[in-house]
Amino acid sequence: MNEEYPIALSSGKNILAIEAKATDKNTLKGNYNGLEDVLSTDEAGIISDKLIELLKKEAYKENDDPEHLYYIALAYLYGIDVEKNVSRGISILKKSASSDYEPSVKKLVHIFLTGEGVRVSYDTALLYQKQLVNIYIDNKLKKELYWMQKMIWQLCTEVTETIHMH
């Protein structure tokens, strides 16, 4: 706790204190500045409510991670735990796709190709399909480059060993 708690506080993590063994709550709060409520394990209903509250707070927090944006976009597209809002979902999906996050780009291709919640737009679908192809090409080139570098390294090692033998 002397290491984890300060790190969690400094990085802005949500903390839910639950005592597994009876503890003097005032001493506990005194030792860990910023600690709010301390719950006991027999307060399952309150713990459950607090966890749901913290999870929602975390889920709706501003976050530019493309994977996070993708899942938030899906929530808006399909009304999962939020009011369905297709235009907002697509807007968030586009933001995620701007980072070349493959699932987001694939979803945009599908949406504009099939007209899922929007008017069919083959031009827009084609733009995202081109982006998807570029993502695939980049990934394939990176893999090939990795293997080429590995082969060159192995060849250099063999040549060096051969030189040292003679």
# chains A, B, ... in the order shown; residues from 1 in each chain; ligands from 1
call {"tool": "closest_atom_pairs", "arguments": {"of": "segment 6-110 of chain A", "to": "segment 125-148 of chain A", "cutoff": "12 Å", "atoms": "only C-alpha atoms", "output": "Markdown table"}}
result
| residue | atom | partner | partner_atom | distance |
| --- | --- | --- | --- | --- |
| A:Leu93 | CA | A:Tyr128 | CA | 11.6 |
| A:Lys94 | CA | A:Tyr128 | CA | 9.8 |
| A:Ala97 | CA | A:Tyr128 | CA | 8.7 |
| A:Ser98 | CA | A:Gln131 | CA | 9.5 |
| A:Ser99 | CA | A:Ile135 | CA | 10.3 |
| A:Asp100 | CA | A:Ile135 | CA | 6.7 |
| A:Tyr101 | CA | A:Ile135 | CA | 8.6 |
| A:Glu102 | CA | A:Leu132 | CA | 6.8 |
| A:Pro103 | CA | A:Leu132 | CA | 9.3 |
| A:Ser104 | CA | A:Tyr128 | CA | 9.6 |
| A:Val105 | CA | A:Tyr128 | CA | 6.0 |
| A:Lys106 | CA | A:Leu132 | CA | 6.9 |
| A:Lys107 | CA | A:Tyr128 | CA | 9.2 |
| A:Leu108 | CA | A:Tyr128 | CA | 6.7 |
| A:Val109 | CA | A:Ala125 | CA | 4.6 |
| A:His110 | CA | A:Ala125 | CA | 7.3 |
call {"tool": "write_last_selection", "arguments": {"atoms": "all heavy atoms", "output": "CSV table (one decimal), in the first residue's frame"}}
result
chain,number,residue,atom,x,y,z
A,93,LEU,N,-16.4,7.3,-34.3
A,93,LEU,CA,-15.8,6.3,-35.2
A,93,LEU,C,-14.8,6.9,-36.1
A,93,LEU,O,-13.7,6.4,-36.3
A,93,LEU,CB,-16.9,5.5,-35.9
A,93,LEU,CG,-16.6,4.1,-36.3
A,93,LEU,CD1,-16.2,3.3,-35.1
A,93,LEU,CD2,-17.9,3.5,-36.9
A,94,LYS,N,-15.1,8.0,-36.7
A,94,LYS,CA,-14.2,8.7,-37.6
A,94,LYS,C,-13.0,9.2,-36.9
A,94,LYS,O,-11.9,9.1,-37.4
A,94,LYS,CB,-14.9,9.9,-38.3
A,94,LYS,CG,-15.9,9.5,-39.4
A,94,LYS,CD,-16.6,10.7,-39.9
A,94,LYS,CE,-17.6,10.4,-41.0
A,94,LYS,NZ,-18.3,11.6,-41.6
A,97,ALA,N,-10.9,6.2,-36.4
A,97,ALA,CA,-10.3,5.8,-37.7
A,97,ALA,C,-9.2,6.7,-38.2
A,97,ALA,O,-8.3,6.3,-38.9
A,97,ALA,CB,-11.4,5.7,-38.8
A,98,SER,N,-9.2,7.9,-37.7
A,98,SER,CA,-8.1,8.9,-38.1
A,98,SER,C,-6.8,8.4,-37.5
A,98,SER,O,-5.7,8.9,-38.0
A,98,SER,CB,-8.5,10.3,-37.6
A,98,SER,OG,-8.4,10.4,-36.2
A,99,SER,N,-6.8,7.5,-36.6
A,99,SER,CA,-5.6,7.0,-36.0
A,99,SER,C,-5.2,5.6,-36.7
A,99,SER,O,-4.4,4.9,-36.2
A,99,SER,CB,-5.7,6.7,-34.5
A,99,SER,OG,-5.9,8.0,-33.9
A,100,ASP,N,-5.9,5.3,-37.8
A,100,ASP,CA,-5.8,4.1,-38.5
A,100,ASP,C,-6.1,2.8,-37.7
A,100,ASP,O,-5.5,1.8,-37.8
A,100,ASP,CB,-4.3,3.9,-39.1
A,100,ASP,CG,-4.2,4.8,-40.3
A,100,ASP,OD1,-5.2,5.2,-40.9
A,100,ASP,OD2,-3.0,5.1,-40.7
A,101,TYR,N,-7.1,3.0,-36.8
A,101,TYR,CA,-7.5,1.8,-36.0
A,101,TYR,C,-8.4,1.0,-36.9
A,101,TYR,O,-9.5,1.4,-37.3
A,101,TYR,CB,-8.2,2.3,-34.7
A,101,TYR,CG,-8.6,1.2,-33.8
A,101,TYR,CD1,-7.6,0.4,-33.2
A,101,TYR,CD2,-9.9,0.8,-33.5
A,101,TYR,CE1,-7.9,-0.7,-32.4
A,101,TYR,CE2,-10.2,-0.2,-32.7
A,101,TYR,CZ,-9.2,-1.0,-32.1
A,101,TYR,OH,-9.5,-2.0,-31.3
A,102,GLU,N,-7.8,-0.2,-37.2
A,102,GLU,CA,-8.5,-1.1,-38.2
A,102,GLU,C,-9.9,-1.4,-38.0
A,102,GLU,O,-10.7,-1.2,-39.0
A,102,GLU,CB,-7.6,-2.4,-38.4
A,102,GLU,CG,-8.1,-3.3,-39.5
A,102,GLU,CD,-7.2,-4.5,-39.5
A,102,GLU,OE1,-6.0,-4.5,-39.2
A,102,GLU,OE2,-7.9,-5.6,-39.8
A,103,PRO,N,-10.4,-1.8,-36.8
A,103,PRO,CA,-11.8,-2.1,-36.6
A,103,PRO,C,-12.7,-0.9,-36.9
A,103,PRO,O,-13.8,-1.1,-37.4
A,103,PRO,CB,-11.9,-2.5,-35.2
A,103,PRO,CG,-10.5,-3.0,-34.8
A,103,PRO,CD,-9.6,-2.1,-35.6
A,104,SER,N,-12.2,0.3,-36.6
A,104,SER,CA,-13.0,1.5,-36.9
A,104,SER,C,-13.2,1.8,-38.4
A,104,SER,O,-14.3,2.1,-38.8
A,104,SER,CB,-12.4,2.7,-36.2
A,104,SER,OG,-12.4,2.6,-34.8
A,105,VAL,N,-12.1,1.6,-39.1
A,105,VAL,CA,-12.1,1.8,-40.5
A,105,VAL,C,-13.0,0.8,-41.2
A,105,VAL,O,-13.8,1.1,-42.0
A,105,VAL,CB,-10.7,1.8,-41.1
A,105,VAL,CG1,-10.7,2.0,-42.6
A,105,VAL,CG2,-9.8,2.8,-40.4
A,106,LYS,N,-12.9,-0.5,-40.8
A,106,LYS,CA,-13.8,-1.6,-41.3
A,106,LYS,C,-15.2,-1.2,-41.0
A,106,LYS,O,-16.1,-1.4,-41.9
A,106,LYS,CB,-13.4,-2.9,-40.6
A,106,LYS,CG,-12.3,-3.6,-41.1
A,106,LYS,CD,-12.2,-5.0,-40.4
A,106,LYS,CE,-11.0,-5.8,-40.9
A,106,LYS,NZ,-10.8,-7.0,-40.1
A,107,LYS,N,-15.5,-0.8,-39.8
A,107,LYS,CA,-16.9,-0.4,-39.5
A,107,LYS,C,-17.5,0.7,-40.4
A,107,LYS,O,-18.6,0.6,-40.8
A,107,LYS,CB,-17.0,-0.1,-38.0
A,107,LYS,CG,-18.4,0.1,-37.5
A,107,LYS,CD,-19.2,-1.2,-37.6
A,107,LYS,CE,-20.6,-1.1,-37.1
A,107,LYS,NZ,-21.4,-2.3,-37.5
A,108,LEU,N,-16.6,1.7,-40.6
A,108,LEU,CA,-17.1,2.8,-41.5
A,108,LEU,C,-17.3,2.3,-42.9
A,108,LEU,O,-18.2,2.8,-43.6
A,108,LEU,CB,-16.0,4.0,-41.4
A,108,LEU,CG,-16.1,4.8,-40.1
A,108,LEU,CD1,-14.8,5.6,-40.0
A,108,LEU,CD2,-17.3,5.6,-40.0
A,109,VAL,N,-16.5,1.4,-43.4
A,109,VAL,CA,-16.7,0.9,-44.7
A,109,VAL,C,-18.1,0.2,-44.8
A,109,VAL,O,-18.9,0.5,-45.7
A,109,VAL,CB,-15.6,-0.2,-45.1
A,109,VAL,CG1,-16.0,-0.9,-46.4
A,109,VAL,CG2,-14.2,0.5,-45.3
A,110,HIS,N,-18.3,-0.6,-43.8
A,110,HIS,CA,-19.6,-1.3,-43.7
A,110,HIS,C,-20.8,-0.4,-43.6
A,110,HIS,O,-21.8,-0.5,-44.3
A,110,HIS,CB,-19.6,-2.3,-42.5
A,110,HIS,CG,-20.9,-3.0,-42.3
A,110,HIS,ND1,-21.3,-4.0,-43.0
A,110,HIS,CD2,-21.9,-2.7,-41.4
A,110,HIS,CE1,-22.5,-4.4,-42.6
A,110,HIS,NE2,-22.9,-3.6,-41.6
call {"tool": "residues_around", "arguments": {"residues": "segment 37-54 of chain A", "least_positions_apart": "4", "cutoff": "10 Å", "atoms": "only C-alpha atoms", "output": "list in words"}}
result
Asn14, Ile15, Leu16, Ala17, Ile18, Glu19, Ala20, Lys21, Ala22, Thr23, Asp24, Lys25, Asn26, Leu28, Lys29, Glu58 and Ala59 of chain A
call {"tool": "residues_around", "arguments": {"residues": "Ser87 of chain A", "least_positions_apart": "4", "cutoff": "9 Å", "atoms": "only C-alpha atoms", "output": "PyMOL selection string"}}
result
chain A and resi 76-77+91-92+117-118
call {"tool": "write_last_selection", "arguments": {"atoms": "all heavy atoms", "output": "PDB file, in the first residue's frame"}}
result
ATOM      1  N   TYR A  76     -22.906   4.251 -28.945  1.00  0.00           N
ATOM      2  CA  TYR A  76     -23.828   5.248 -29.502  1.00  0.00           C
ATOM      3  C   TYR A  76     -24.550   4.728 -30.746  1.00  0.00           C
ATOM      4  O   TYR A  76     -25.728   5.007 -30.944  1.00  0.00           O
ATOM      5  CB  TYR A  76     -23.104   6.558 -29.823  1.00  0.00           C
ATOM      6  CG  TYR A  76     -22.904   7.411 -28.597  1.00  0.00           C
ATOM      7  CD1 TYR A  76     -21.656   7.534 -28.014  1.00  0.00           C
ATOM      8  CD2 TYR A  76     -23.976   8.078 -28.012  1.00  0.00           C
ATOM      9  CE1 TYR A  76     -21.470   8.312 -26.877  1.00  0.00           C
ATOM     10  CE2 TYR A  76     -23.806   8.853 -26.878  1.00  0.00           C
ATOM     11  CZ  TYR A  76     -22.551   8.963 -26.314  1.00  0.00           C
ATOM     12  OH  TYR A  76     -22.385   9.721 -25.192  1.00  0.00           O
ATOM     13  N   LEU A  77     -23.859   3.975 -31.575  1.00  0.00           N
ATOM     14  CA  LEU A  77     -24.496   3.447 -32.791  1.00  0.00           C
ATOM     15  C   LEU A  77     -25.653   2.514 -32.474  1.00  0.00           C
ATOM     16  O   LEU A  77     -26.659   2.496 -33.184  1.00  0.00           O
ATOM     17  CB  LEU A  77     -23.467   2.708 -33.654  1.00  0.00           C
ATOM     18  CG  LEU A  77     -22.446   3.562 -34.391  1.00  0.00           C
ATOM     19  CD1 LEU A  77     -21.364   2.687 -35.016  1.00  0.00           C
ATOM     20  CD2 LEU A  77     -23.131   4.400 -35.468  1.00  0.00           C
ATOM     21  N   SER A  91     -19.328  10.028 -35.791  1.00  0.00           N
ATOM     22  CA  SER A  91     -18.332  11.057 -35.541  1.00  0.00           C
ATOM     23  C   SER A  91     -17.181  10.510 -34.688  1.00  0.00           C
ATOM     24  O   SER A  91     -15.999  10.731 -34.987  1.00  0.00           O
ATOM     25  CB  SER A  91     -18.988  12.253 -34.845  1.00  0.00           C
ATOM     26  OG  SER A  91     -18.043  13.208 -34.500  1.00  0.00           O
ATOM     27  N   ILE A  92     -17.508   9.779 -33.641  1.00  0.00           N
ATOM     28  CA  ILE A  92     -16.490   9.179 -32.767  1.00  0.00           C
ATOM     29  C   ILE A  92     -15.719   8.100 -33.524  1.00  0.00           C
ATOM     30  O   ILE A  92     -14.497   7.978 -33.396  1.00  0.00           O
ATOM     31  CB  ILE A  92     -17.131   8.628 -31.476  1.00  0.00           C
ATOM     32  CG1 ILE A  92     -17.725   9.771 -30.651  1.00  0.00           C
ATOM     33  CG2 ILE A  92     -16.112   7.851 -30.649  1.00  0.00           C
ATOM     34  CD1 ILE A  92     -18.599   9.338 -29.495  1.00  0.00           C
ATOM     35  N   GLY A 117     -27.791   3.099 -40.764  1.00  0.00           N
ATOM     36  CA  GLY A 117     -28.038   4.315 -40.008  1.00  0.00           C
ATOM     37  C   GLY A 117     -27.751   5.602 -40.771  1.00  0.00           C
ATOM     38  O   GLY A 117     -27.955   6.691 -40.244  1.00  0.00           O
ATOM     39  N   VAL A 118     -27.248   5.474 -41.991  1.00  0.00           N
ATOM     40  CA  VAL A 118     -26.945   6.640 -42.839  1.00  0.00           C
ATOM     41  C   VAL A 118     -27.363   6.331 -44.272  1.00  0.00           C
ATOM     42  O   VAL A 118     -27.692   5.197 -44.599  1.00  0.00           O
ATOM     43  CB  VAL A 118     -25.424   6.988 -42.830  1.00  0.00           C
ATOM     44  CG1 VAL A 118     -24.958   7.367 -41.454  1.00  0.00           C
ATOM     45  CG2 VAL A 118     -24.600   5.860 -43.400  1.00  0.00           C
TER      46      VAL A 118
END
call {"tool": "select_by_dssp", "arguments": {"residues": "chain A", "states": "alpha helix (DSSP H)", "output": "PyMOL selection string"}}
result
chain A and resi 4-10+25-31+44-59+66-78+86-97+102-114+122-165
call {"tool": "write_last_selection", "arguments": {"atoms": "C-alpha atoms", "output": "short mmCIF file (atom, residue, chain, number, x, y, z; two decimals), in the first residue's frame"}}
result
data_model
loop_
_atom_site.label_atom_id
_atom_site.label_comp_id
_atom_site.auth_asym_id
_atom_site.auth_seq_id
_atom_site.Cartn_x
_atom_site.Cartn_y
_atom_site.Cartn_z
CA GLU A 4 0.60 1.40 -4.87
CA TYR A 5 -1.59 4.02 -3.22
CA PRO A 6 0.64 7.06 -3.96
CA ILE A 7 1.17 5.87 -7.55
CA ALA A 8 -2.58 5.39 -8.04
CA LEU A 9 -3.26 8.86 -6.61
CA SER A 10 -0.61 10.58 -8.73
CA LYS A 25 -11.16 3.99 9.74
CA ASN A 26 -9.77 7.25 11.13
CA THR A 27 -6.25 5.79 11.37
CA LEU A 28 -6.61 4.40 7.86
CA LYS A 29 -7.72 7.76 6.47
CA GLY A 30 -4.92 9.47 8.40
CA ASN A 31 -2.31 7.17 6.85
CA ALA A 44 -21.97 -5.66 -0.96
CA GLY A 45 -24.81 -3.49 -2.27
CA ILE A 46 -22.90 -0.26 -1.65
CA ILE A 47 -19.71 -1.75 -3.12
CA SER A 48 -21.63 -2.80 -6.23
CA ASP A 49 -23.16 0.67 -6.64
CA LYS A 50 -19.77 2.37 -6.16
CA LEU A 51 -18.11 0.06 -8.69
CA ILE A 52 -20.80 0.77 -11.29
CA GLU A 53 -20.44 4.51 -10.62
CA LEU A 54 -16.65 4.34 -11.02
CA LEU A 55 -16.87 2.23 -14.17
CA LYS A 56 -19.30 4.66 -15.77
CA LYS A 57 -17.09 7.58 -14.77
CA GLU A 58 -14.09 5.84 -16.38
CA ALA A 59 -16.00 4.83 -19.51
CA PRO A 66 -8.62 4.67 -30.73
CA GLU A 67 -9.79 1.36 -29.24
CA HIS A 68 -11.70 3.16 -26.45
CA LEU A 69 -13.25 5.52 -29.02
CA TYR A 70 -14.29 2.51 -31.14
CA TYR A 71 -16.24 0.94 -28.27
CA ILE A 72 -17.82 4.24 -27.26
CA ALA A 73 -18.84 4.74 -30.91
CA LEU A 74 -20.47 1.29 -30.98
CA ALA A 75 -22.36 2.16 -27.79
CA TYR A 76 -23.83 5.25 -29.50
CA LEU A 77 -24.50 3.45 -32.79
CA TYR A 78 -26.51 0.71 -31.10
CA VAL A 86 -25.95 7.36 -34.89
CA SER A 87 -24.43 10.69 -35.94
CA ARG A 88 -22.44 10.94 -32.71
CA GLY A 89 -21.36 7.30 -33.05
CA ILE A 90 -20.12 7.89 -36.60
CA SER A 91 -18.33 11.06 -35.54
CA ILE A 92 -16.49 9.18 -32.77
CA LEU A 93 -15.79 6.29 -35.15
CA LYS A 94 -14.21 8.74 -37.63
CA LYS A 95 -11.99 10.13 -34.87
CA SER A 96 -10.85 6.59 -34.04
CA ALA A 97 -10.31 5.78 -37.72
CA GLU A 102 -8.45 -1.06 -38.25
CA PRO A 103 -11.79 -2.08 -36.63
CA SER A 104 -13.05 1.51 -36.86
CA VAL A 105 -12.11 1.82 -40.52
CA LYS A 106 -13.75 -1.56 -41.28
CA LYS A 107 -16.93 -0.45 -39.49
CA LEU A 108 -17.06 2.81 -41.48
CA VAL A 109 -16.68 0.88 -44.74
CA HIS A 110 -19.60 -1.33 -43.70
CA ILE A 111 -21.76 1.58 -42.53
CA PHE A 112 -21.41 3.60 -45.75
CA LEU A 113 -21.56 0.55 -48.01
CA THR A 114 -24.77 -0.81 -46.48
CA TYR A 122 -20.17 4.37 -52.16
CA ASP A 123 -17.68 7.24 -52.47
CA THR A 124 -17.26 7.46 -48.70
CA ALA A 125 -17.11 3.67 -48.37
CA LEU A 126 -14.41 3.63 -51.06
CA LEU A 127 -12.36 6.26 -49.21
CA TYR A 128 -12.40 4.15 -46.04
CA GLN A 129 -11.73 0.98 -48.06
CA LYS A 130 -8.61 2.66 -49.50
CA GLN A 131 -7.53 3.60 -45.99
CA LEU A 132 -8.06 -0.01 -44.91
CA VAL A 133 -5.93 -1.28 -47.80
CA ASN A 134 -3.17 1.14 -46.80
CA ILE A 135 -3.34 -0.13 -43.21
CA TYR A 136 -3.01 -3.71 -44.47
CA ILE A 137 -0.09 -2.75 -46.73
CA ASP A 138 1.68 -0.89 -43.91
CA ASN A 139 1.23 -3.84 -41.54
CA LYS A 140 2.43 -6.32 -44.15
CA LEU A 141 5.47 -4.17 -44.98
CA LYS A 142 6.32 -3.82 -41.29
CA LYS A 143 6.19 -7.61 -40.88
CA GLU A 144 8.31 -8.17 -43.97
CA LEU A 145 10.80 -5.52 -42.86
CA TYR A 146 11.05 -7.19 -39.46
CA TRP A 147 11.86 -10.57 -41.05
CA MET A 148 14.32 -9.00 -43.47
CA GLN A 149 16.13 -7.27 -40.60
CA LYS A 150 16.21 -10.54 -38.70
CA MET A 151 17.66 -12.40 -41.71
CA ILE A 152 20.29 -9.68 -42.26
CA TRP A 153 21.25 -9.80 -38.59
CA GLN A 154 21.59 -13.57 -38.76
CA LEU A 155 23.69 -13.32 -41.93
CA CYS A 156 25.96 -10.68 -40.34
CA THR A 157 26.39 -12.91 -37.28
CA GLU A 158 27.33 -15.89 -39.49
CA VAL A 159 29.80 -13.81 -41.52
CA THR A 160 31.38 -12.43 -38.34
CA GLU A 161 31.74 -15.93 -36.91
CA THR A 162 33.25 -17.18 -40.17
CA ILE A 163 35.78 -14.31 -40.19
CA HIS A 164 36.78 -15.01 -36.59
CA MET A 165 37.29 -18.72 -37.35
#
call {"tool": "select_by_dssp", "arguments": {"residues": "segment 9-161 of chain A", "states": "strand (DSSP E or B)", "output": "PyMOL selection string"}}
result
chain A and resi 17-19+38-40
call {"tool": "decode", "arguments": {"residues": "segment 152-163 of chain A", "atoms": "all heavy atoms", "output": "PDB file, in the first residue's frame"}}
result
ATOM      1  N   ILE A 152      19.034 -10.401 -42.078  1.00  0.00           N
ATOM      2  CA  ILE A 152      20.292  -9.678 -42.265  1.00  0.00           C
ATOM      3  C   ILE A 152      21.148  -9.796 -41.007  1.00  0.00           C
ATOM      4  O   ILE A 152      22.358 -10.028 -41.090  1.00  0.00           O
ATOM      5  CB  ILE A 152      20.019  -8.188 -42.621  1.00  0.00           C
ATOM      6  CG1 ILE A 152      19.436  -8.108 -44.035  1.00  0.00           C
ATOM      7  CG2 ILE A 152      21.286  -7.348 -42.489  1.00  0.00           C
ATOM      8  CD1 ILE A 152      18.889  -6.749 -44.406  1.00  0.00           C
ATOM      9  N   TRP A 153      20.534  -9.673 -39.845  1.00  0.00           N
ATOM     10  CA  TRP A 153      21.252  -9.802 -38.591  1.00  0.00           C
ATOM     11  C   TRP A 153      21.873 -11.196 -38.470  1.00  0.00           C
ATOM     12  O   TRP A 153      23.027 -11.342 -38.082  1.00  0.00           O
ATOM     13  CB  TRP A 153      20.330  -9.520 -37.409  1.00  0.00           C
ATOM     14  CG  TRP A 153      21.032  -9.635 -36.082  1.00  0.00           C
ATOM     15  CD1 TRP A 153      20.928 -10.633 -35.181  1.00  0.00           C
ATOM     16  CD2 TRP A 153      21.974  -8.715 -35.548  1.00  0.00           C
ATOM     17  NE1 TRP A 153      21.732 -10.414 -34.120  1.00  0.00           N
ATOM     18  CE2 TRP A 153      22.401  -9.220 -34.320  1.00  0.00           C
ATOM     19  CE3 TRP A 153      22.506  -7.506 -36.005  1.00  0.00           C
ATOM     20  CZ2 TRP A 153      23.329  -8.576 -33.514  1.00  0.00           C
ATOM     21  CZ3 TRP A 153      23.429  -6.857 -35.194  1.00  0.00           C
ATOM     22  CH2 TRP A 153      23.825  -7.388 -33.973  1.00  0.00           C
ATOM     23  N   GLN A 154      21.093 -12.200 -38.824  1.00  0.00           N
ATOM     24  CA  GLN A 154      21.590 -13.572 -38.756  1.00  0.00           C
ATOM     25  C   GLN A 154      22.753 -13.760 -39.731  1.00  0.00           C
ATOM     26  O   GLN A 154      23.766 -14.366 -39.391  1.00  0.00           O
ATOM     27  CB  GLN A 154      20.470 -14.566 -39.068  1.00  0.00           C
ATOM     28  CG  GLN A 154      20.884 -16.019 -38.901  1.00  0.00           C
ATOM     29  CD  GLN A 154      19.715 -16.970 -39.140  1.00  0.00           C
ATOM     30  OE1 GLN A 154      18.612 -16.548 -39.458  1.00  0.00           O
ATOM     31  NE2 GLN A 154      19.971 -18.248 -38.994  1.00  0.00           N
ATOM     32  N   LEU A 155      22.632 -13.227 -40.938  1.00  0.00           N
ATOM     33  CA  LEU A 155      23.691 -13.319 -41.934  1.00  0.00           C
ATOM     34  C   LEU A 155      24.958 -12.608 -41.442  1.00  0.00           C
ATOM     35  O   LEU A 155      26.065 -13.137 -41.564  1.00  0.00           O
ATOM     36  CB  LEU A 155      23.219 -12.723 -43.263  1.00  0.00           C
ATOM     37  CG  LEU A 155      24.179 -12.793 -44.440  1.00  0.00           C
ATOM     38  CD1 LEU A 155      24.534 -14.242 -44.767  1.00  0.00           C
ATOM     39  CD2 LEU A 155      23.594 -12.101 -45.649  1.00  0.00           C
ATOM     40  N   CYS A 156      24.807 -11.421 -40.877  1.00  0.00           N
ATOM     41  CA  CYS A 156      25.957 -10.683 -40.336  1.00  0.00           C
ATOM     42  C   CYS A 156      26.638 -11.472 -39.221  1.00  0.00           C
ATOM     43  O   CYS A 156      27.873 -11.512 -39.135  1.00  0.00           O
ATOM     44  CB  CYS A 156      25.522  -9.320 -39.802  1.00  0.00           C
ATOM     45  SG  CYS A 156      25.085  -8.155 -41.093  1.00  0.00           S
ATOM     46  N   THR A 157      25.837 -12.102 -38.374  1.00  0.00           N
ATOM     47  CA  THR A 157      26.387 -12.913 -37.284  1.00  0.00           C
ATOM     48  C   THR A 157      27.189 -14.082 -37.847  1.00  0.00           C
ATOM     49  O   THR A 157      28.303 -14.360 -37.398  1.00  0.00           O
ATOM     50  CB  THR A 157      25.242 -13.429 -36.375  1.00  0.00           C
ATOM     51  OG1 THR A 157      24.492 -12.329 -35.908  1.00  0.00           O
ATOM     52  CG2 THR A 157      25.788 -14.237 -35.216  1.00  0.00           C
ATOM     53  N   GLU A 158      26.633 -14.753 -38.871  1.00  0.00           N
ATOM     54  CA  GLU A 158      27.333 -15.891 -39.485  1.00  0.00           C
ATOM     55  C   GLU A 158      28.631 -15.447 -40.162  1.00  0.00           C
ATOM     56  O   GLU A 158      29.655 -16.116 -40.034  1.00  0.00           O
ATOM     57  CB  GLU A 158      26.416 -16.595 -40.486  1.00  0.00           C
ATOM     58  CG  GLU A 158      25.270 -17.354 -39.829  1.00  0.00           C
ATOM     59  CD  GLU A 158      24.267 -17.899 -40.836  1.00  0.00           C
ATOM     60  OE1 GLU A 158      24.534 -17.865 -42.061  1.00  0.00           O
ATOM     61  OE2 GLU A 158      23.210 -18.374 -40.394  1.00  0.00           O
ATOM     62  N   VAL A 159      28.600 -14.321 -40.848  1.00  0.00           N
ATOM     63  CA  VAL A 159      29.799 -13.807 -41.520  1.00  0.00           C
ATOM     64  C   VAL A 159      30.861 -13.455 -40.483  1.00  0.00           C
ATOM     65  O   VAL A 159      32.035 -13.789 -40.633  1.00  0.00           O
ATOM     66  CB  VAL A 159      29.458 -12.574 -42.407  1.00  0.00           C
ATOM     67  CG1 VAL A 159      30.709 -11.863 -42.859  1.00  0.00           C
ATOM     68  CG2 VAL A 159      28.613 -13.008 -43.593  1.00  0.00           C
ATOM     69  N   THR A 160      30.446 -12.804 -39.405  1.00  0.00           N
ATOM     70  CA  THR A 160      31.379 -12.429 -38.342  1.00  0.00           C
ATOM     71  C   THR A 160      32.012 -13.673 -37.724  1.00  0.00           C
ATOM     72  O   THR A 160      33.222 -13.716 -37.503  1.00  0.00           O
ATOM     73  CB  THR A 160      30.652 -11.613 -37.250  1.00  0.00           C
ATOM     74  OG1 THR A 160      30.044 -10.480 -37.860  1.00  0.00           O
ATOM     75  CG2 THR A 160      31.623 -11.157 -36.173  1.00  0.00           C
ATOM     76  N   GLU A 161      31.214 -14.691 -37.480  1.00  0.00           N
ATOM     77  CA  GLU A 161      31.740 -15.935 -36.906  1.00  0.00           C
ATOM     78  C   GLU A 161      32.717 -16.615 -37.867  1.00  0.00           C
ATOM     79  O   GLU A 161      33.768 -17.125 -37.453  1.00  0.00           O
ATOM     80  CB  GLU A 161      30.588 -16.892 -36.555  1.00  0.00           C
ATOM     81  CG  GLU A 161      29.787 -16.452 -35.359  1.00  0.00           C
ATOM     82  CD  GLU A 161      28.549 -17.312 -35.143  1.00  0.00           C
ATOM     83  OE1 GLU A 161      28.258 -18.235 -35.948  1.00  0.00           O
ATOM     84  OE2 GLU A 161      27.833 -17.044 -34.140  1.00  0.00           O
ATOM     85  N   THR A 162      32.384 -16.580 -39.154  1.00  0.00           N
ATOM     86  CA  THR A 162      33.253 -17.179 -40.171  1.00  0.00           C
ATOM     87  C   THR A 162      34.594 -16.443 -40.213  1.00  0.00           C
ATOM     88  O   THR A 162      35.663 -17.052 -40.281  1.00  0.00           O
ATOM     89  CB  THR A 162      32.586 -17.156 -41.547  1.00  0.00           C
ATOM     90  OG1 THR A 162      31.336 -17.817 -41.467  1.00  0.00           O
ATOM     91  CG2 THR A 162      33.470 -17.835 -42.588  1.00  0.00           C
ATOM     92  N   ILE A 163      34.563 -15.126 -40.154  1.00  0.00           N
ATOM     93  CA  ILE A 163      35.781 -14.313 -40.192  1.00  0.00           C
ATOM     94  C   ILE A 163      36.648 -14.621 -38.975  1.00  0.00           C
ATOM     95  O   ILE A 163      37.860 -14.774 -39.079  1.00  0.00           O
ATOM     96  CB  ILE A 163      35.441 -12.805 -40.264  1.00  0.00           C
ATOM     97  CG1 ILE A 163      34.841 -12.479 -41.622  1.00  0.00           C
ATOM     98  CG2 ILE A 163      36.671 -11.943 -39.980  1.00  0.00           C
ATOM     99  CD1 ILE A 163      34.277 -11.078 -41.753  1.00  0.00           C
TER     100      ILE A 163
END
